[in-house]
$ cat structure_31.cif   # mmCIF, C-alpha atoms
data_coords
#
loop_
_atom_site.label_atom_id
_atom_site.label_comp_id
_atom_site.auth_asym_id
_atom_site.auth_seq_id
_atom_site.Cartn_x
_atom_site.Cartn_y
_atom_site.Cartn_z
CA MET A 43 20.56 4.55 -21.89
CA THR A 44 17.14 4.92 -23.44
CA GLY A 45 14.51 7.40 -22.37
CA GLN A 46 12.36 4.68 -20.82
CA MET A 47 15.26 3.52 -18.70
CA LEU A 48 15.95 7.07 -17.58
CA ILE A 49 12.32 7.54 -16.51
CA PHE A 50 12.38 4.21 -14.71
CA VAL A 51 15.55 5.05 -12.79
CA VAL A 52 14.17 8.42 -11.69
CA LEU A 53 10.83 6.93 -10.61
CA ALA A 54 12.51 4.02 -8.82
CA THR A 55 14.78 6.39 -6.90
CA VAL A 56 11.80 8.52 -5.88
CA ILE A 57 9.84 5.43 -4.79
CA ILE A 58 12.64 3.95 -2.70
CA VAL A 59 13.63 7.22 -1.04
CA SER A 60 10.06 8.21 -0.18
CA ALA A 61 9.18 4.70 1.03
CA ALA A 62 12.22 4.81 3.29
CA MET A 63 11.01 8.18 4.57
CA VAL A 64 7.61 6.65 5.38
CA VAL A 65 9.39 4.20 7.64
CA LEU A 66 12.03 6.49 9.10
CA LYS A 67 10.16 9.74 9.76
CA ASN A 68 8.99 10.12 13.34
CA ASN A 69 6.06 12.40 12.56
CA PRO A 70 3.02 10.55 11.12
CA VAL A 71 2.12 13.57 8.97
CA ALA A 72 5.54 13.43 7.29
CA SER A 73 5.07 9.70 6.77
CA ALA A 74 1.66 10.29 5.18
CA PHE A 75 2.99 12.84 2.72
CA SER A 76 5.95 10.64 1.81
CA LEU A 77 3.35 7.93 1.12
CA VAL A 78 1.59 10.29 -1.31
CA VAL A 79 4.86 10.79 -3.18
CA THR A 80 5.38 7.01 -3.28
CA PHE A 81 1.91 6.45 -4.75
CA PHE A 82 2.37 9.13 -7.41
CA ALA A 83 5.68 7.61 -8.49
CA ALA A 84 4.10 4.15 -8.53
CA SER A 85 1.40 5.46 -10.85
CA GLY A 86 4.21 6.72 -13.08
CA ILE A 87 5.64 3.18 -13.12
CA TYR A 88 2.23 1.81 -14.16
CA ALA A 89 2.03 4.32 -16.99
CA LEU A 90 5.54 3.32 -18.05
CA MET A 91 4.43 -0.31 -18.30
CA GLY A 92 1.42 0.61 -20.43
CA ALA A 93 -1.23 0.25 -17.73
CA HIS A 94 -2.63 3.75 -18.15
CA PHE A 95 -6.01 2.99 -16.62
CA LEU A 96 -4.39 1.66 -13.45
CA ALA A 97 -2.11 4.69 -13.30
CA ALA A 98 -5.14 6.98 -13.23
CA LEU A 99 -6.88 4.74 -10.70
CA GLN A 100 -3.81 4.66 -8.47
CA VAL A 101 -3.85 8.46 -8.21
CA LEU A 102 -7.62 8.53 -7.65
CA VAL A 103 -7.94 5.74 -5.09
CA TYR A 104 -4.64 5.74 -3.24
CA ALA A 105 -3.38 9.29 -3.44
CA GLY A 106 -6.90 10.69 -3.31
CA ALA A 107 -9.20 8.64 -1.13
CA ILE A 108 -6.96 6.60 1.14
CA MET A 109 -4.58 9.45 1.91
CA VAL A 110 -7.45 11.78 2.80
CA LEU A 111 -8.61 9.11 5.27
CA PHE A 112 -5.14 8.84 6.77
CA VAL A 113 -4.63 12.57 7.11
CA PHE A 114 -8.08 12.95 8.67
CA VAL A 115 -7.40 10.27 11.25
CA ILE A 116 -4.00 11.77 12.07
CA MET A 117 -5.74 15.11 12.55
CA LEU A 118 -8.32 13.50 14.84
CA LEU A 119 -5.90 11.51 16.96
CA ASN A 120 -2.45 12.95 17.29
CA ALA A 121 -3.05 16.67 17.49
CA ASP A 122 -1.80 17.11 21.03
CA GLU A 123 -0.01 13.82 21.64
CA PRO A 124 3.79 13.89 21.37
CA VAL A 125 4.71 11.33 18.73
CA SER A 126 8.10 9.71 18.70
CA ASP A 127 8.33 6.01 18.38
CA LEU A 128 11.21 5.03 16.14
CA SER A 129 13.72 6.25 18.69
CA GLN A 130 11.94 4.24 21.39
CA THR A 131 12.28 0.98 19.50
CA PRO A 132 15.09 -1.03 21.07
CA PHE A 133 18.21 -1.49 18.99
CA TRP A 134 17.94 -5.28 18.96
CA ILE A 135 14.48 -5.12 17.40
CA LYS A 136 15.85 -2.91 14.62
CA LEU A 137 18.77 -5.28 14.11
CA THR A 138 16.53 -8.35 14.07
CA ALA A 139 14.13 -6.69 11.63
CA PHE A 140 17.03 -5.72 9.38
CA LEU A 141 18.49 -9.23 9.41
CA SER A 142 15.13 -10.90 8.71
CA VAL A 143 14.47 -8.48 5.85
CA LEU A 144 17.94 -9.28 4.48
CA VAL A 145 17.26 -13.02 4.60
CA LEU A 146 13.85 -12.63 2.95
CA GLY A 147 15.44 -10.35 0.38
CA ARG A 148 18.01 -13.01 -0.48
CA VAL A 149 15.20 -15.54 -0.95
CA LEU A 150 13.22 -13.14 -3.13
CA TYR A 151 16.33 -12.30 -5.15
CA PHE A 152 16.27 -15.93 -6.23
CA LEU A 153 12.76 -15.29 -7.55
CA LEU A 154 14.01 -12.20 -9.36
CA SER A 155 16.60 -14.18 -11.28
CA THR A 156 13.85 -16.58 -12.34
CA VAL A 157 11.63 -13.73 -13.51
CA ARG A 158 14.60 -12.25 -15.34
CA SER A 159 14.88 -15.32 -17.53
CA LEU A 160 11.22 -15.16 -18.65
CA ASN A 161 10.54 -14.05 -22.18
CA VAL A 162 8.34 -11.02 -22.63
CA VAL A 163 5.30 -11.72 -24.79
CA GLU A 164 4.36 -8.75 -26.90
CA PRO A 165 0.59 -8.20 -26.56
CA SER A 166 -1.53 -6.93 -29.36
CA LEU A 167 -1.94 -3.21 -28.90
CA GLU A 168 -4.88 -2.64 -31.20
CA ILE A 169 -7.46 -1.57 -28.62
CA SER A 170 -6.88 0.70 -25.69
CA ASN A 171 -5.93 -0.42 -22.21
CA SER A 172 -9.18 0.60 -20.52
CA ILE A 173 -11.34 -1.17 -23.12
CA ASN A 174 -9.26 -4.30 -22.60
CA ILE A 175 -9.62 -4.12 -18.83
CA SER A 176 -13.36 -3.50 -18.82
CA THR A 177 -13.98 -6.31 -21.30
CA ALA A 178 -12.09 -8.75 -19.10
CA LEU A 179 -13.68 -7.37 -15.93
CA PHE A 180 -17.26 -7.73 -17.09
CA SER A 181 -16.89 -11.09 -18.86
CA ASP A 182 -14.34 -13.37 -17.20
CA HIS A 183 -14.24 -11.80 -13.75
CA ILE A 184 -17.86 -10.79 -13.29
CA PHE A 185 -18.33 -13.06 -10.26
CA ALA A 186 -15.36 -11.54 -8.42
CA PHE A 187 -16.67 -8.12 -9.36
CA GLU A 188 -20.03 -8.83 -7.74
CA LEU A 189 -18.32 -10.28 -4.67
CA THR A 190 -16.39 -7.02 -4.37
CA SER A 191 -19.65 -5.13 -3.97
CA PHE A 192 -20.56 -7.41 -1.05
CA LEU A 193 -17.15 -6.72 0.47
CA LEU A 194 -17.67 -2.98 0.20
CA LEU A 195 -21.13 -3.17 1.75
CA GLY A 196 -19.79 -5.20 4.67
CA VAL A 197 -16.92 -2.79 5.20
CA ILE A 198 -19.24 0.21 5.17
CA VAL A 199 -21.53 -1.31 7.79
CA SER A 200 -18.73 -2.56 10.03
CA THR A 201 -16.73 0.66 9.87
CA ILE A 202 -19.73 2.76 10.82
CA THR A 203 -20.52 0.35 13.65
CA LEU A 204 -16.95 0.52 14.91
CA ALA A 205 -16.40 4.23 14.66
CA LYS A 206 -19.69 5.66 15.90
CA ARG A 207 -20.10 6.75 19.49
CA LYS A 208 -22.41 4.98 21.87
CA ARG A 209 -25.93 6.39 21.72
CA SER A 210 -26.24 7.39 25.38
CA LYS A 211 -22.95 9.27 25.31
CA SER A 212 -23.85 11.26 22.22
CA VAL A 213 -27.20 12.28 23.68
CA GLN A 214 -25.45 13.37 26.85
CA GLY A 215 -22.89 15.37 24.86
CA TYR A 216 -25.62 16.99 22.84
CA SER A 217 -27.49 18.13 25.94
CA GLU A 218 -24.24 19.51 27.40
CA VAL A 219 -23.63 21.51 24.27
CA LYS A 220 -27.18 22.81 24.29
CA GLU A 221 -26.91 24.11 27.81
CA MET B 1111 14.07 -10.13 -32.17
CA MET B 1112 15.30 -6.71 -31.20
CA GLU B 1113 18.75 -6.53 -29.69
CA THR B 1114 18.63 -5.32 -26.09
CA THR B 1115 21.51 -3.99 -24.08
CA VAL B 1116 21.96 -4.05 -20.32
CA LEU B 1117 20.79 -0.47 -20.03
CA ASP B 1118 17.44 -0.98 -21.73
CA TYR B 1119 14.29 -1.06 -19.65
CA GLN B 1120 12.97 -4.56 -19.03
CA PRO B 1121 9.86 -5.61 -17.05
CA TRP B 1122 11.89 -7.64 -14.54
CA MET B 1123 13.43 -4.40 -13.29
CA THR B 1124 9.99 -3.37 -12.06
CA PHE B 1125 9.79 -6.73 -10.29
CA GLY B 1126 13.05 -5.93 -8.48
CA LEU B 1127 11.75 -2.48 -7.53
CA ALA B 1128 8.55 -4.04 -6.17
CA LEU B 1129 10.60 -6.48 -4.08
CA VAL B 1130 12.60 -3.62 -2.56
CA LEU B 1131 9.37 -1.74 -1.82
CA PHE B 1132 7.88 -4.83 -0.17
CA LEU B 1133 10.94 -5.30 2.03
CA ILE B 1134 10.89 -1.63 3.09
CA GLY B 1135 7.24 -1.99 4.05
CA LEU B 1136 7.95 -5.19 5.98
CA PHE B 1137 10.79 -3.51 7.86
CA GLY B 1138 8.45 -0.67 8.76
CA VAL B 1139 5.76 -3.04 10.05
CA ILE B 1140 8.30 -4.72 12.33
CA VAL B 1141 10.07 -1.61 13.58
CA ARG B 1142 7.40 1.06 14.02
CA LYS B 1143 5.22 1.39 17.12
CA ASN B 1144 2.60 3.82 15.85
CA LEU B 1145 -0.45 1.93 14.56
CA LEU B 1146 -1.13 4.56 11.88
CA VAL B 1147 2.36 4.21 10.42
CA ILE B 1148 2.07 0.42 10.56
CA LEU B 1149 -1.09 0.71 8.45
CA MET B 1150 0.79 2.97 6.01
CA CYS B 1151 3.56 0.38 5.70
CA ILE B 1152 0.94 -2.28 4.95
CA GLU B 1153 -0.32 0.01 2.17
CA LEU B 1154 3.26 0.14 0.84
CA MET B 1155 3.40 -3.67 0.73
CA LEU B 1156 0.03 -3.85 -1.05
CA CYS B 1157 1.25 -1.29 -3.57
CA SER B 1158 4.32 -3.40 -4.29
CA VAL B 1159 2.12 -6.46 -4.84
CA ASN B 1160 0.07 -4.43 -7.33
CA MET B 1161 3.29 -3.58 -9.11
CA ILE B 1162 4.20 -7.28 -9.34
CA PHE B 1163 0.75 -8.04 -10.82
CA VAL B 1164 1.25 -5.38 -13.49
CA THR B 1165 4.73 -6.71 -14.22
CA PHE B 1166 3.47 -10.22 -14.86
CA SER B 1167 0.60 -8.85 -16.91
CA LYS B 1168 3.24 -7.14 -19.02
CA ILE B 1169 5.48 -10.21 -19.23
CA ASN B 1170 2.68 -12.63 -20.14
CA GLY B 1171 0.96 -10.22 -22.50
CA SER B 1172 -2.36 -10.79 -20.73
CA ILE B 1173 -4.76 -8.26 -19.22
CA ASP B 1174 -5.86 -10.46 -16.27
CA GLY B 1175 -3.09 -9.18 -14.00
CA GLN B 1176 -4.35 -5.63 -14.38
CA VAL B 1177 -7.92 -6.73 -13.58
CA PHE B 1178 -6.61 -8.30 -10.39
CA VAL B 1179 -4.95 -5.01 -9.47
CA LEU B 1180 -8.43 -3.47 -9.55
CA PHE B 1181 -9.63 -6.00 -6.98
CA THR B 1182 -6.51 -5.53 -4.85
CA MET B 1183 -7.07 -1.79 -4.83
CA THR B 1184 -10.65 -2.28 -3.66
CA VAL B 1185 -9.53 -4.60 -0.89
CA ALA B 1186 -6.77 -2.18 0.08
CA ALA B 1187 -9.22 0.72 0.33
CA ALA B 1188 -11.61 -1.41 2.38
CA GLU B 1189 -8.77 -2.59 4.60
CA SER B 1190 -7.50 0.90 5.32
CA ALA B 1191 -10.99 2.23 6.04
CA LEU B 1192 -11.70 -0.63 8.44
CA GLY B 1193 -8.24 -0.36 10.02
CA LEU B 1194 -8.63 3.35 10.60
CA GLY B 1195 -12.08 2.74 12.11
CA LEU B 1196 -10.50 0.22 14.48
CA ILE B 1197 -7.74 2.69 15.39
CA ILE B 1198 -10.28 5.42 16.14
CA SER B 1199 -12.31 3.10 18.34
CA LEU B 1200 -9.12 1.91 20.06
CA TYR B 1201 -7.98 5.47 20.67
CA ARG B 1202 -11.36 6.35 22.12
CA THR B 1203 -11.11 3.47 24.58
CA LEU B 1204 -7.42 3.50 25.54
CA LYS B 1205 -6.23 7.02 24.53
CA THR B 1206 -3.19 5.65 22.73
CA VAL B 1207 -2.13 4.25 19.37
CA ASN B 1208 1.21 2.92 20.60
CA THR B 1209 1.51 -0.83 20.20
CA ASP B 1210 3.70 -1.09 23.30
CA LYS B 1211 0.83 0.15 25.47
CA LEU B 1212 -1.73 -2.29 24.07
CA THR B 1213 -1.09 -5.07 26.57
CA ALA B 1214 -4.61 -5.88 27.77
CA LEU B 1215 -4.34 -9.53 26.72
CA ARG B 1216 -0.73 -9.95 27.88
CA ASP B 1217 -0.89 -8.72 31.46
#
$ encode --input "structure_31.cif" --output "structure tokens"
Amino acid sequence: MTGQMLIFVVLATVIIVSAAMVVLKNNPVASAFSLVVTFFAASGIYALMGAHFLAALQVLVYAGAIMVLFVFVIMLLNADEPVSDLSQTPFWIKLTAFLSVLVLGRVLYFLLSTVRSLNVVEPSLEISNSINISTALFSDHIFAFELTSFLLLGVIVSTITLAKRKRSKSVQGYSEVKE
Amino acid sequence: MMETTVLDYQPWMTFGLALVLFLIGLFGVIVRKNLLVILMCIELMLCSVNMIFVTFSKINGSIDGQVFVLFTMTVAAAESALGLGLIISLYRTLKTVNTDKLTALRD
């Protein structure tokens, strides 16, 4: 067993166990922190495959930004609400979900055997990964890159519109606080 | 060509791992009732798709798969921000994030 294989097995075990804990833990905070572990291990997998830039970005974007959002919303919502939902799910729903996942897994396993037979092309490793990515991003994919900025602008506007309080209410609350 | 044994690391193994991760996320989306955890499971599925992109980028020796992961990450961040905004607004209106209680269109 080579060192790469050893690292892969360890990371894969961590990913599968922590992803299962995201699903099976009743407390959303525990789920969120298992998700952080999953994202860190996934960034390790990216680094193992030579995508170092994406590994760094995975930690920054997922484990940094998105998880802070999740933890903040959990703090805002569920502070005093008793949370237990997995035990409330009826048994037949769990069984049906398990069976459907098994069937889909069998179908996807077919795909896996196809992928297994592909030959790996060795890329030229003369320039670094991030230089490669930015060259491709700003030449071939520049249109998609610009579209992404529109997407972000739209999401900013719509999220603020969704999450802000109504104006009259906030004025009322402000006057109550002032008194 | 270099001789490889069964125990050597190959890119298709990452594909298998990503499939397992996707199925775990799908199971979570079906089974869980808490909207926050459902959103987390969707993040898991997106992460597994990213992993598949990187795998094929590795197999084909091309960088385009990794560029697409950049876009997927942006969309995932946007999706989670928007989803959490929706959840906050929902909680403010209905005081719950349990999918079993969200029956306004059913009743």
$ interface_residues --input "structure_31.cif" --of "chain B" --to "chain A" --cutoff "7 Å" --atoms "all atoms listed in the file" --output "PyMOL selection string"
chain B and resi 1117-1119+1122+1125-1127+1131+1133-1134+1137-1138+1140-1144+1147+1168-1171+1173+1177+1187-1188+1192+1195-1196+1198-1199
$ resolve_selection --input "structure_31.cif" --expression "the PyMOL selection byres ((chain B and resi 1209) around 7)" --output "PDB file with C-alpha atoms, in the frame of the given file"
ATOM      1  CA  LYS B1143       5.220   1.390  17.120  1.00  0.00           C
ATOM      2  CA  ASN B1144       2.600   3.820  15.850  1.00  0.00           C
ATOM      3  CA  LEU B1145      -0.450   1.930  14.560  1.00  0.00           C
ATOM      4  CA  VAL B1207      -2.130   4.250  19.370  1.00  0.00           C
ATOM      5  CA  ASN B1208       1.210   2.920  20.600  1.00  0.00           C
ATOM      6  CA  ASP B1210       3.700  -1.090  23.300  1.00  0.00           C
ATOM      7  CA  LYS B1211       0.830   0.150  25.470  1.00  0.00           C
ATOM      8  CA  LEU B1212      -1.730  -2.290  24.070  1.00  0.00           C
TER       9      LEU B1212
END
$ closest_residue --input "structure_31.cif" --among "B:Leu1129, B:Met1155, B:Met1123, B:Leu1146" --to "Tyr1201 in chain B" --atoms "all atoms listed in the file"
B:Leu1146
$ atom_distance --input "structure_31.cif" --atom1 "CA of Glu1189 in chain B" --atom2 "CA of Val145 in chain A"
28.0 Å
$ decode --input "structure_31.cif" --residues "range 1156-1205 of chain B" --atoms "C-alpha atoms" --output "PDB file, in the first residue's frame"
ATOM      1  CA  LEU B1156     -22.820  19.689  -4.224  1.00  0.00           C
ATOM      2  CA  CYS B1157     -19.470  18.876  -2.640  1.00  0.00           C
ATOM      3  CA  SER B1158     -19.588  15.372  -4.075  1.00  0.00           C
ATOM      4  CA  VAL B1159     -20.334  16.783  -7.530  1.00  0.00           C
ATOM      5  CA  ASN B1160     -17.276  19.038  -7.164  1.00  0.00           C
ATOM      6  CA  MET B1161     -15.246  15.963  -6.344  1.00  0.00           C
ATOM      7  CA  ILE B1162     -16.480  14.239  -9.515  1.00  0.00           C
ATOM      8  CA  PHE B1163     -15.486  17.307 -11.572  1.00  0.00           C
ATOM      9  CA  VAL B1164     -11.969  17.208 -10.127  1.00  0.00           C
ATOM     10  CA  THR B1165     -11.766  13.468 -10.779  1.00  0.00           C
ATOM     11  CA  PHE B1166     -12.580  13.869 -14.447  1.00  0.00           C
ATOM     12  CA  SER B1167     -10.211  16.811 -14.692  1.00  0.00           C
ATOM     13  CA  LYS B1168      -7.551  14.451 -13.371  1.00  0.00           C
ATOM     14  CA  ILE B1169      -8.528  11.580 -15.661  1.00  0.00           C
ATOM     15  CA  ASN B1170      -8.693  13.696 -18.828  1.00  0.00           C
ATOM     16  CA  GLY B1171      -5.606  15.726 -17.994  1.00  0.00           C
ATOM     17  CA  SER B1172      -7.520  18.958 -18.592  1.00  0.00           C
ATOM     18  CA  ILE B1173      -7.955  21.967 -16.320  1.00  0.00           C
ATOM     19  CA  ASP B1174     -11.541  22.776 -17.396  1.00  0.00           C
ATOM     20  CA  GLY B1175     -13.077  20.542 -14.732  1.00  0.00           C
ATOM     21  CA  GLN B1176     -11.350  22.522 -12.008  1.00  0.00           C
ATOM     22  CA  VAL B1177     -12.580  25.811 -13.508  1.00  0.00           C
ATOM     23  CA  PHE B1178     -16.108  24.438 -13.368  1.00  0.00           C
ATOM     24  CA  VAL B1179     -15.631  23.625  -9.692  1.00  0.00           C
ATOM     25  CA  LEU B1180     -15.002  27.345  -9.161  1.00  0.00           C
ATOM     26  CA  PHE B1181     -18.390  28.140 -10.707  1.00  0.00           C
ATOM     27  CA  THR B1182     -20.105  25.378  -8.733  1.00  0.00           C
ATOM     28  CA  MET B1183     -18.654  26.760  -5.518  1.00  0.00           C
ATOM     29  CA  THR B1184     -19.993  30.220  -6.343  1.00  0.00           C
ATOM     30  CA  VAL B1185     -23.426  28.828  -7.074  1.00  0.00           C
ATOM     31  CA  ALA B1186     -23.316  26.756  -3.889  1.00  0.00           C
ATOM     32  CA  ALA B1187     -22.444  29.802  -1.791  1.00  0.00           C
ATOM     33  CA  ALA B1188     -25.213  31.808  -3.447  1.00  0.00           C
ATOM     34  CA  GLU B1189     -27.668  28.958  -2.978  1.00  0.00           C
ATOM     35  CA  SER B1190     -26.928  28.550   0.711  1.00  0.00           C
ATOM     36  CA  ALA B1191     -27.128  32.298   1.354  1.00  0.00           C
ATOM     37  CA  LEU B1192     -30.467  32.533  -0.429  1.00  0.00           C
ATOM     38  CA  GLY B1193     -31.759  29.355   1.232  1.00  0.00           C
ATOM     39  CA  LEU B1194     -30.836  30.608   4.680  1.00  0.00           C
ATOM     40  CA  GLY B1195     -32.524  33.933   3.910  1.00  0.00           C
ATOM     41  CA  LEU B1196     -35.660  32.019   2.951  1.00  0.00           C
ATOM     42  CA  ILE B1197     -35.473  29.964   6.151  1.00  0.00           C
ATOM     43  CA  ILE B1198     -35.133  33.096   8.281  1.00  0.00           C
ATOM     44  CA  SER B1199     -38.105  34.714   6.586  1.00  0.00           C
ATOM     45  CA  LEU B1200     -40.097  31.484   6.944  1.00  0.00           C
ATOM     46  CA  TYR B1201     -39.239  31.217  10.619  1.00  0.00           C
ATOM     47  CA  ARG B1202     -40.281  34.807  11.169  1.00  0.00           C
ATOM     48  CA  THR B1203     -43.676  34.111   9.620  1.00  0.00           C
ATOM     49  CA  LEU B1204     -44.476  30.611  10.878  1.00  0.00           C
ATOM     50  CA  LYS B1205     -42.140  30.159  13.902  1.00  0.00           C
TER      51      LYS B1205
END
